[in-house]
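What follows is a single structure, written as structure tokens, with notes after it.
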Amino acid sequence: MAKTPRTTVRRHPERGAYDRAVIHDILDAGFLCHAGFVDGDQPFVIPTLYCRVEETLYLHGSPLSRMLGSLAGGIPLCVTVTHLDGIVMARSAFNSSINYRSVVVLGRGHLVEDEAQKRAAMDALVEQVVPGRTGDARAPTDKELAATSVIAVPMDEASAKIRTGPPKDPSFDLDLPIWAGEVPLRLEVGEPVPDPEMVADIPAPAYLRDVFRR
Ligand SMILES: Cc1cc2nc3c(=O)[nH]c(=O)nc-3n(C[C@H](O)[C@H](O)[C@H](O)COP(=O)(O)OP(=O)(O)OC[C@H]3O[C@@H](n4cnc5c(N)ncnc54)[C@H](O)[C@@H]3O)c2cc1C
């Protein structure tokens, strides 16, 4: 992906990455993003689901929501995805940090009007959260489809930023008798809890194992 003046990471530029494969990996490892946009004179940063299909991100929601209503108009948009990988405890407060992988996508979205593309995007959103689920889950009815807006965001301008490794203390701090290191962080997937209203004793689907693996 071409680095543009506005996607150039300025602080710690060595942590910036513009390679599509790196950006895809970070996007594919999650399904929660924050969509930033300005409505009137007020910026909003709204947490929401996303999926990636090739070079497009899809967001969805009620046509009545501020986010979907605003984004349908093609206003400038910033989508951010962040994975927390660790707390980096340096000997000083100043050099303490976080290990992370993040992506920032800049662009403008547009409403997906084509029904087949809209259904495919909605399936992709389900698959991004639980791969394999579209084989089971009831497909949206025409009414449900009409009650959902889908926004396509072409990934023309994007950057990744990644921090890994131990603290970077200056040499004059290394002799301090203070514990330093990294506390790894990860999102934990729990045991599935069956819905008590399930009509029969249905075993948990095999594809949930992939969710555990992720
Ligand atoms: C979990 C976490 C905690 C952080 N904590 C702090 C903090 O406390 N203070 C702080 O100053 N910074 C923090 N950062 C880094 C922060 O995200 C910015 O990278 C930082 O503010 C540097 O901005 P800049 O002026 O270099 O770039 P900006 O001018 O703000 O950004 C220029 C361009 O660089 C790219 N870019 C900038 N940051 C990122 C990113 N994180 N991921 C992908 N692309 C990016 C974007 O394309 C952006 O348009 C944190 C990041 C994460 C993920």
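Every chain in the structure tokens takes a letter, A first, then B, and so on in the order presented; its residues are numbered from 1, and the ligands are numbered from 1 following the presented order.
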
Determine, using only C-alpha atoms and all ligand atoms, which residues of chain A have any atom at most 6 Å from an atom of ligand 1, and tabulate each with its shortest atom pair and distance in Å to one decimal place, rows ordered by chain and then rising number, as CSV.
residue,atom,partner,partner_atom_place_in_ligand_line,distance
A:Arg6,CA,ligand 1,49 (O),5.0
A:Thr7,CA,ligand 1,47 (O),3.2
A:Thr8,CA,ligand 1,34 (O),4.6
A:Val9,CA,ligand 1,34 (O),3.5
A:Arg10,CA,ligand 1,26 (O),3.4
A:Arg11,CA,ligand 1,26 (O),3.5
A:Thr82,CA,ligand 1,53 (C),5.7
A:Leu84,CA,ligand 1,1 (C),5.9
A:Ile98,CA,ligand 1,1 (C),5.8
A:Tyr100,CA,ligand 1,53 (C),5.3
A:Ser102,CA,ligand 1,42 (N),4.3
A:Val103,CA,ligand 1,43 (C),4.1
A:Val104,CA,ligand 1,43 (C),4.5
A:Ala158,CA,ligand 1,47 (O),5.8
A:Ser159,CA,ligand 1,44 (N),4.6
A:Ala160,CA,ligand 1,43 (C),4.0
A:Lys161,CA,ligand 1,42 (N),4.1

Residue subset to file, keeping N, CA, C and O atoms, as a short mmCIF file (atom, residue, chain, number, x, y, z; two decimals), in the first residue's frame:
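selection_4.cif was written with the following content:
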data_model
loop_
_atom_site.label_atom_id
_atom_site.label_comp_id
_atom_site.auth_asym_id
_atom_site.auth_seq_id
_atom_site.Cartn_x
_atom_site.Cartn_y
_atom_site.Cartn_z
N ARG A 6 -0.47 11.68 4.74
CA ARG A 6 -1.29 11.63 5.96
C ARG A 6 -1.33 10.24 6.60
O ARG A 6 -1.86 10.09 7.70
N THR A 7 -0.78 9.22 5.96
CA THR A 7 -0.69 7.92 6.64
C THR A 7 0.73 7.64 7.13
O THR A 7 1.03 6.53 7.58
N THR A 8 1.60 8.61 7.02
CA THR A 8 2.97 8.39 7.47
C THR A 8 3.05 8.50 8.99
O THR A 8 2.69 9.53 9.57
N VAL A 9 3.47 7.41 9.63
CA VAL A 9 3.64 7.40 11.09
C VAL A 9 4.85 8.27 11.41
O VAL A 9 5.95 8.02 10.92
N ARG A 10 4.64 9.29 12.23
CA ARG A 10 5.74 10.24 12.50
C ARG A 10 6.50 9.86 13.76
O ARG A 10 7.72 9.82 13.78
N ARG A 11 5.78 9.58 14.86
CA ARG A 11 6.45 9.15 16.09
C ARG A 11 6.83 7.68 15.95
O ARG A 11 5.97 6.86 15.61
N THR A 82 -7.33 -2.04 16.95
CA THR A 82 -6.20 -2.17 17.88
C THR A 82 -6.23 -3.52 18.58
O THR A 82 -7.28 -3.93 19.08
N LEU A 84 -4.28 -5.37 21.77
CA LEU A 84 -3.34 -5.16 22.88
C LEU A 84 -2.56 -6.45 23.09
O LEU A 84 -3.15 -7.51 23.32
N ILE A 98 3.20 0.06 25.70
CA ILE A 98 2.26 -1.03 25.42
C ILE A 98 2.75 -1.73 24.15
O ILE A 98 3.18 -1.05 23.21
N TYR A 100 1.56 -3.64 20.93
CA TYR A 100 0.26 -3.62 20.22
C TYR A 100 0.47 -3.82 18.73
O TYR A 100 1.59 -3.71 18.20
N SER A 102 -1.79 -2.20 15.49
CA SER A 102 -2.96 -1.37 15.16
C SER A 102 -2.94 -0.99 13.69
O SER A 102 -1.89 -1.00 13.04
N VAL A 103 -4.14 -0.69 13.19
CA VAL A 103 -4.29 -0.25 11.80
C VAL A 103 -5.19 0.98 11.80
O VAL A 103 -6.18 1.04 12.54
N VAL A 104 -4.83 1.94 11.00
CA VAL A 104 -5.67 3.12 10.76
C VAL A 104 -5.99 3.17 9.27
O VAL A 104 -5.08 3.10 8.44
N ALA A 158 -4.02 3.38 4.14
CA ALA A 158 -4.01 2.70 5.44
C ALA A 158 -2.58 2.55 5.93
O ALA A 158 -1.64 2.54 5.14
N SER A 159 -2.47 2.45 7.25
CA SER A 159 -1.15 2.22 7.84
C SER A 159 -1.32 1.25 8.99
O SER A 159 -2.40 1.15 9.58
N ALA A 160 -0.24 0.56 9.31
CA ALA A 160 -0.21 -0.27 10.51
C ALA A 160 0.89 0.27 11.40
O ALA A 160 1.82 0.94 10.93
N LYS A 161 0.76 0.00 12.70
CA LYS A 161 1.85 0.35 13.62
C LYS A 161 1.95 -0.79 14.62
O LYS A 161 0.92 -1.26 15.15
#

- Message: I want to know what sits within 10 Å of Pro76 of chain A, based on only C-alpha atoms, with residues of the same chain fewer than 2 positions away left out; could you give that as JSON, numbers by chain?
- Response: {"A": [36, 37, 38, 70, 71, 73, 74, 78, 106, 107, 108, 109]}

I need the chosen residues saved as a CSV table (one decimal), in the first residue's frame, with N, CA, C and O atoms.
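Below is the file out28.csv, written as the result:
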chain,number,residue,atom,x,y,z
A,36,GLY,N,-14.3,6.8,13.3
A,36,GLY,CA,-14.2,8.2,13.7
A,36,GLY,C,-14.7,9.1,12.5
A,36,GLY,O,-14.3,8.8,11.3
A,37,PHE,N,-15.6,10.0,12.8
A,37,PHE,CA,-16.1,10.9,11.8
A,37,PHE,C,-16.6,12.2,12.5
A,37,PHE,O,-16.8,12.2,13.7
A,38,VAL,N,-16.9,13.2,11.7
A,38,VAL,CA,-17.4,14.5,12.3
A,38,VAL,C,-18.8,14.6,11.8
A,38,VAL,O,-19.1,14.5,10.6
A,70,SER,N,-24.5,9.1,8.8
A,70,SER,CA,-23.4,10.1,8.5
A,70,SER,C,-22.6,9.4,7.4
A,70,SER,O,-22.2,10.1,6.4
A,71,LEU,N,-22.2,8.2,7.6
A,71,LEU,CA,-21.2,7.6,6.7
A,71,LEU,C,-21.8,7.3,5.3
A,71,LEU,O,-21.1,7.3,4.3
A,73,GLY,N,-23.4,9.3,3.7
A,73,GLY,CA,-23.2,10.5,2.9
A,73,GLY,C,-21.8,10.7,2.3
A,73,GLY,O,-21.5,11.6,1.6
A,74,GLY,N,-20.9,9.7,2.6
A,74,GLY,CA,-19.6,9.7,2.0
A,74,GLY,C,-18.6,10.7,2.6
A,74,GLY,O,-17.7,11.2,2.0
A,78,CYS,N,-12.4,7.7,9.5
A,78,CYS,CA,-11.2,7.0,10.0
A,78,CYS,C,-11.6,5.8,10.8
A,78,CYS,O,-12.3,5.9,11.7
A,106,LEU,N,-7.9,5.5,6.4
A,106,LEU,CA,-8.6,6.8,6.1
A,106,LEU,C,-9.3,6.6,4.8
A,106,LEU,O,-8.8,6.0,3.8
A,107,GLY,N,-10.5,7.3,4.7
A,107,GLY,CA,-11.2,7.2,3.4
A,107,GLY,C,-12.6,7.7,3.6
A,107,GLY,O,-12.9,8.4,4.5
A,108,ARG,N,-13.4,7.3,2.6
A,108,ARG,CA,-14.8,7.7,2.6
A,108,ARG,C,-15.6,6.4,2.3
A,108,ARG,O,-15.2,5.6,1.4
A,109,GLY,N,-16.7,6.2,3.0
A,109,GLY,CA,-17.5,5.0,2.8
A,109,GLY,C,-18.6,5.4,1.8
A,109,GLY,O,-18.9,6.5,1.5

- Message: Quick one: residues within 10 Å of Pro203 of chain A, only C-alpha atoms, excluding same-chain residues fewer than 3 positions away - as a PyMOL selection string?
- Response: chain A and resi 194+200+206

- Item | Distance criterion (only C-alpha atoms): nearest to Ala116 of chain A out of A:Asp142, A:Asp41, A:Asp156, A:Glu197 | A:Asp142

- Measuring atom to atom with only C-alpha atoms, identify which of A:Val153, A:Val81, A:Ala139, A:Val45 is nearest to Cys33 of chain A. A:Val81

- Skip Asp114 of chain A itself and residues of its chain fewer than 3 positions away, then list as a list in words all residues within 12 Å of it, counting only C-alpha atoms. His110, Leu111, Gln117, Lys118, Arg119, Ala120, Ala121, Leu145, Ala146, Ser149, Val150, Ile151 and Ala152 of chain A

Using only C-alpha atoms, what table do you get, as JSON lines, when you list each residue of segment 77-127 of chain A with an atom no more than 6 Å from segment 167-182 of chain A, its nearest pair of atoms, and their distance in Å rounded to one decimal, rows by chain then rising number?
{"residue": "A:Ile87", "atom": "CA", "partner": "A:Glu182", "partner_atom": "CA", "distance": 5.5}
{"residue": "A:Val88", "atom": "CA", "partner": "A:Glu182", "partner_atom": "CA", "distance": 4.5}
{"residue": "A:Met89", "atom": "CA", "partner": "A:Ala180", "partner_atom": "CA", "distance": 5.2}
{"residue": "A:Ala90", "atom": "CA", "partner": "A:Pro167", "partner_atom": "CA", "distance": 5.0}
{"residue": "A:Arg91", "atom": "CA", "partner": "A:Ala180", "partner_atom": "CA", "distance": 5.7}

- Task: Can you list, as a PyMOL selection string, all residues belonging to segment 55-130 of chain A that DSSP tags as alpha helix (DSSP H)?
- Result: chain A and resi 66-72+115-129

What would the file look like if the residues just selected were written as an mmCIF file, in the first residue's frame with C-alpha atoms?
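Just written: selection01.cif:
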data_model
loop_
_atom_site.group_PDB
_atom_site.id
_atom_site.type_symbol
_atom_site.label_atom_id
_atom_site.label_comp_id
_atom_site.auth_asym_id
_atom_site.auth_seq_id
_atom_site.Cartn_x
_atom_site.Cartn_y
_atom_site.Cartn_z
ATOM 1 C CA ARG A 66 -25.964 8.543 13.542
ATOM 2 C CA MET A 67 -22.963 6.540 12.371
ATOM 3 C CA LEU A 68 -24.669 4.825 9.422
ATOM 4 C CA GLY A 69 -26.606 7.955 8.460
ATOM 5 C CA SER A 70 -23.443 10.064 8.474
ATOM 6 C CA LEU A 71 -21.205 7.562 6.696
ATOM 7 C CA ALA A 72 -23.779 6.907 3.961
ATOM 8 C CA GLU A 115 -28.630 -6.650 -2.821
ATOM 9 C CA ALA A 116 -26.220 -9.490 -3.612
ATOM 10 C CA GLN A 117 -23.219 -7.434 -2.452
ATOM 11 C CA LYS A 118 -25.105 -6.397 0.681
ATOM 12 C CA ARG A 119 -25.969 -10.012 1.546
ATOM 13 C CA ALA A 120 -22.370 -11.079 0.869
ATOM 14 C CA ALA A 121 -21.062 -8.300 3.128
ATOM 15 C CA MET A 122 -23.483 -9.266 5.909
ATOM 16 C CA ASP A 123 -22.338 -12.896 5.616
ATOM 17 C CA ALA A 124 -18.717 -11.725 5.745
ATOM 18 C CA LEU A 125 -19.441 -9.786 8.950
ATOM 19 C CA VAL A 126 -20.842 -12.944 10.550
ATOM 20 C CA GLU A 127 -17.846 -14.961 9.315
ATOM 21 C CA GLN A 128 -15.340 -12.400 10.620
ATOM 22 C CA VAL A 129 -16.716 -12.943 14.150
#

- Identify all residues of segment 9-204 of chain A in strand (DSSP E or B) (DSSP on the backbone) and supply them as an MDAnalysis selection string. chainID A and resid 16:17 32:39 42:49 51:53 56:61 76:89 97:108 110:111 149:154 157:163 181:184

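Distance-wise, atom CA of Gly61 of chain A and atom CA of Ala147 of chain A end up 8.3 Å apart.
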
- Task: Find the residue from A:Ser92, A:Thr4, A:Thr164, A:Gln42 that sits nearest to Val105 of chain A; use only C-alpha atoms when measuring.
- Result: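 Of all the options, A:Thr4 lies closest to Val105 of chain A.
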
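One distance worth recording is that between atom CA of Ile46 of chain A and atom CA of Pro5 of chain A, which is 25.2 Å.
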